[in-house]
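**Student:** What follows is a single structure, and I will ask about it in a moment.
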Amino acid sequence: MRVTGAEVTAVQLSPPAARLPTKEDWSRTVPVSFAHDWRGQNANPEQKTEVRLLWNDELLFVGFQCRYRSLTVFPDASPNRRRNQLWERDVAEIFLQPDRFGQKYYREFEISPNGRWLDLDISPKGLTHINSGMRSRTNIYARRRIWTAELAIPFGALTTRFDPGASWRVNFFRCEGSEPERFYSAWQPTETERPNFHVPEKFGILRFQP
């Protein structure tokens, strides 16, 4: 199926890595960035988000670099750092739709500045917690007002057969702060009246570069 929209490219790691990528690995990628809100308005460079993508035969790697004005996080979590309702505090998110184009089926992965995480299956029936096996790492650089996150998501949690020649749909999001000043930001604007990230028809395109 032919898809249109903004594109982001995941670069193949060579040789394949079982570890999280190094700084040198990430430097081989071309990032996408955004600082506007979910409607594509009110850009604020102090809340800019940069995203890089890598892949190997088993894993999709997602790297976030997030500028922030303040941090609002949940201190508590389960022993493995999973935290329900993570989206109610500061968070970076990736929504991935490997197939079923045009339908409301996709996977959602969230990470907070202090390393809490959440993985979800989204369908017309609602959201379901999954056990994706995702690994993650986060850092906060307070003097620079930047936090970073790296995710390693198994392809087995996304599709039954990974085909690097196929185009996926994808979008990236940020939430920061508390109401009424809470900032909702999206790479590809969803253009809804109120903040709403769950608009798959607005997703961009993810391609895999060998």
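Letters A, B, ... mark the chains of the structure tokens in the order given; residue numbers begin at 1 per chain; ligand numbers begin at 1, in order shown.
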Please return as a VMD selection string: the residues of stretch 70-204 of chain A that backbone DSSP assigns to strand (DSSP E).
**Tutor:** chain A and resid 91 to 97 106 to 111 117 to 123 126 to 129 135 to 141 146 to 154 168 to 176 183 to 186 204
**Student:** Where does DSSP see helix (DSSP H, G or I) in chain A, if you list the residues as a PyMOL selection string?
**Tutor:** chain A and resi 23-26+45-47+86-88+155-157+200-202
**Student:** Can you pull out every residue within 8 Å of A:Trp117, counting only C-alpha atoms, but drop anything in the same chain fewer than 6 positions away, and send it as a ChimeraX atom specification?
**Tutor:** /A:81-83,86,109-111
**Student:** Any chance you could export the current selection's C-alpha atoms as an mmCIF file, in the first residue's frame?
**Tutor:**
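What ended up in part-v3.cif:
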data_model
loop_
_atom_site.group_PDB
_atom_site.id
_atom_site.type_symbol
_atom_site.label_atom_id
_atom_site.label_comp_id
_atom_site.auth_asym_id
_atom_site.auth_seq_id
_atom_site.Cartn_x
_atom_site.Cartn_y
_atom_site.Cartn_z
ATOM 1 C CA ARG A 81 10.262 0.295 36.717
ATOM 2 C CA ARG A 82 6.965 -0.190 34.856
ATOM 3 C CA ARG A 83 4.465 2.552 35.721
ATOM 4 C CA LEU A 86 2.804 7.229 32.908
ATOM 5 C CA PHE A 109 5.966 2.806 24.134
ATOM 6 C CA GLU A 110 6.581 5.460 26.795
ATOM 7 C CA ILE A 111 9.618 6.484 28.835
#
**Student:** Can you pull out every residue within 9 Å of A:Ala17, counting only C-alpha atoms, but drop anything in the same chain fewer than 6 positions away, and send it as a PyMOL selection string?
**Tutor:** chain A and resi 55-56+59
**Student:** If we count only C-alpha atoms and set the cut-off at 10 Å, which residues sit around A:Thr159, ignoring sequence neighbours fewer than 6 positions away in its own chain? Please answer as an MDAnalysis selection string.
**Tutor:** chainID A and resid 97:99
**Student:** Pull the closest atom pair for each residue of stretch 65-174 of chain A that gets at most 10 Å from stretch 44-54 of chain A, along with the distance in Å to one decimal, counting only C-alpha atoms, ordering rows by chain and then ascending residue number, as JSON lines.
**Tutor:**
{"residue": "A:Gln65", "atom": "CA", "partner": "A:Glu50", "partner_atom": "CA", "distance": 5.1}
{"residue": "A:Cys66", "atom": "CA", "partner": "A:Thr49", "partner_atom": "CA", "distance": 4.6}
{"residue": "A:Arg67", "atom": "CA", "partner": "A:Gln47", "partner_atom": "CA", "distance": 4.8}
{"residue": "A:Tyr68", "atom": "CA", "partner": "A:Gln47", "partner_atom": "CA", "distance": 5.0}
{"residue": "A:Arg69", "atom": "CA", "partner": "A:Glu46", "partner_atom": "CA", "distance": 6.5}
{"residue": "A:Ser70", "atom": "CA", "partner": "A:Gln47", "partner_atom": "CA", "distance": 9.7}
{"residue": "A:Ala92", "atom": "CA", "partner": "A:Thr49", "partner_atom": "CA", "distance": 8.7}
{"residue": "A:Ile94", "atom": "CA", "partner": "A:Val51", "partner_atom": "CA", "distance": 9.7}
{"residue": "A:Arg145", "atom": "CA", "partner": "A:Glu46", "partner_atom": "CA", "distance": 8.6}
{"residue": "A:Ile146", "atom": "CA", "partner": "A:Gln47", "partner_atom": "CA", "distance": 9.1}
{"residue": "A:Trp147", "atom": "CA", "partner": "A:Thr49", "partner_atom": "CA", "distance": 9.8}
{"residue": "A:Thr148", "atom": "CA", "partner": "A:Glu50", "partner_atom": "CA", "distance": 9.4}
{"residue": "A:Ala149", "atom": "CA", "partner": "A:Val51", "partner_atom": "CA", "distance": 9.7}
{"residue": "A:Glu150", "atom": "CA", "partner": "A:Arg52", "partner_atom": "CA", "distance": 9.4}
{"residue": "A:Leu151", "atom": "CA", "partner": "A:Leu53", "partner_atom": "CA", "distance": 9.6}
{"residue": "A:Ala152", "atom": "CA", "partner": "A:Leu54", "partner_atom": "CA", "distance": 9.3}
{"residue": "A:Phe172", "atom": "CA", "partner": "A:Val51", "partner_atom": "CA", "distance": 8.0}
{"residue": "A:Phe173", "atom": "CA", "partner": "A:Thr49", "partner_atom": "CA", "distance": 8.5}
{"residue": "A:Arg174", "atom": "CA", "partner": "A:Thr49", "partner_atom": "CA", "distance": 7.6}
**Student:** Provide the atom CA of A:Arg39 to atom CA of A:Asn196 distance in Å, to one decimal place.
**Tutor:** 9.5 Å
**Student:** Compile a residue-level contact table for stretch 54-79 of chain A against stretch 122-135 of chain A at a cut-off of 12 Å, reporting for every qualifying residue the shortest atom pair and its distance in Å to one decimal, with only C-alpha atoms counted, rows ordered by chain and ascending number, as JSON lines.
**Tutor:**
{"residue": "A:Glu58", "atom": "CA", "partner": "A:Met134", "partner_atom": "CA", "distance": 11.5}
{"residue": "A:Leu59", "atom": "CA", "partner": "A:Met134", "partner_atom": "CA", "distance": 9.1}
{"residue": "A:Leu60", "atom": "CA", "partner": "A:Met134", "partner_atom": "CA", "distance": 9.6}
{"residue": "A:Phe61", "atom": "CA", "partner": "A:Arg135", "partner_atom": "CA", "distance": 9.5}
{"residue": "A:Val62", "atom": "CA", "partner": "A:Arg135", "partner_atom": "CA", "distance": 10.6}
**Student:** Give the answer as one residue: which of A:Arg143, A:His36, A:Arg182, A:Arg137 has the shortest atom-to-atom distance to A:Pro21, using only C-alpha atoms?
**Tutor:**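 Ranking A:Arg143, A:His36, A:Arg182, A:Arg137 by distance to A:Pro21, first place goes to A:Arg137.
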**Student:** Write out as a ChimeraX atom specification each polymer residue whose atoms come within 10 Å of A:Val73, counting only C-alpha atoms; drop sequence neighbours fewer than 5 positions from it.
**Tutor:** /A:86-91,112-116,176-177
**Student:** Would you mind listing what lies within 12 Å of A:Glu193 as a count of residues only, with only C-alpha atoms counted and same-chain residues fewer than 4 positions away left out?
**Tutor:** 6
**Student:** Can you work out which one of A:Arg161, A:Leu71, A:Tyr106, A:Gln12 has the shortest atom-to-atom distance to A:Ala142, counting only C-alpha atoms?
**Tutor:**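 Under the stated criterion, the closest residue is A:Leu71.
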**Student:** Between atom CA of A:Ala10 and atom CA of A:Val170, measure the distance and give it in Å to one decimal.
**Tutor:**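 Value for the atom CA of A:Ala10-atom CA of A:Val170 distance: 11.4 Å.
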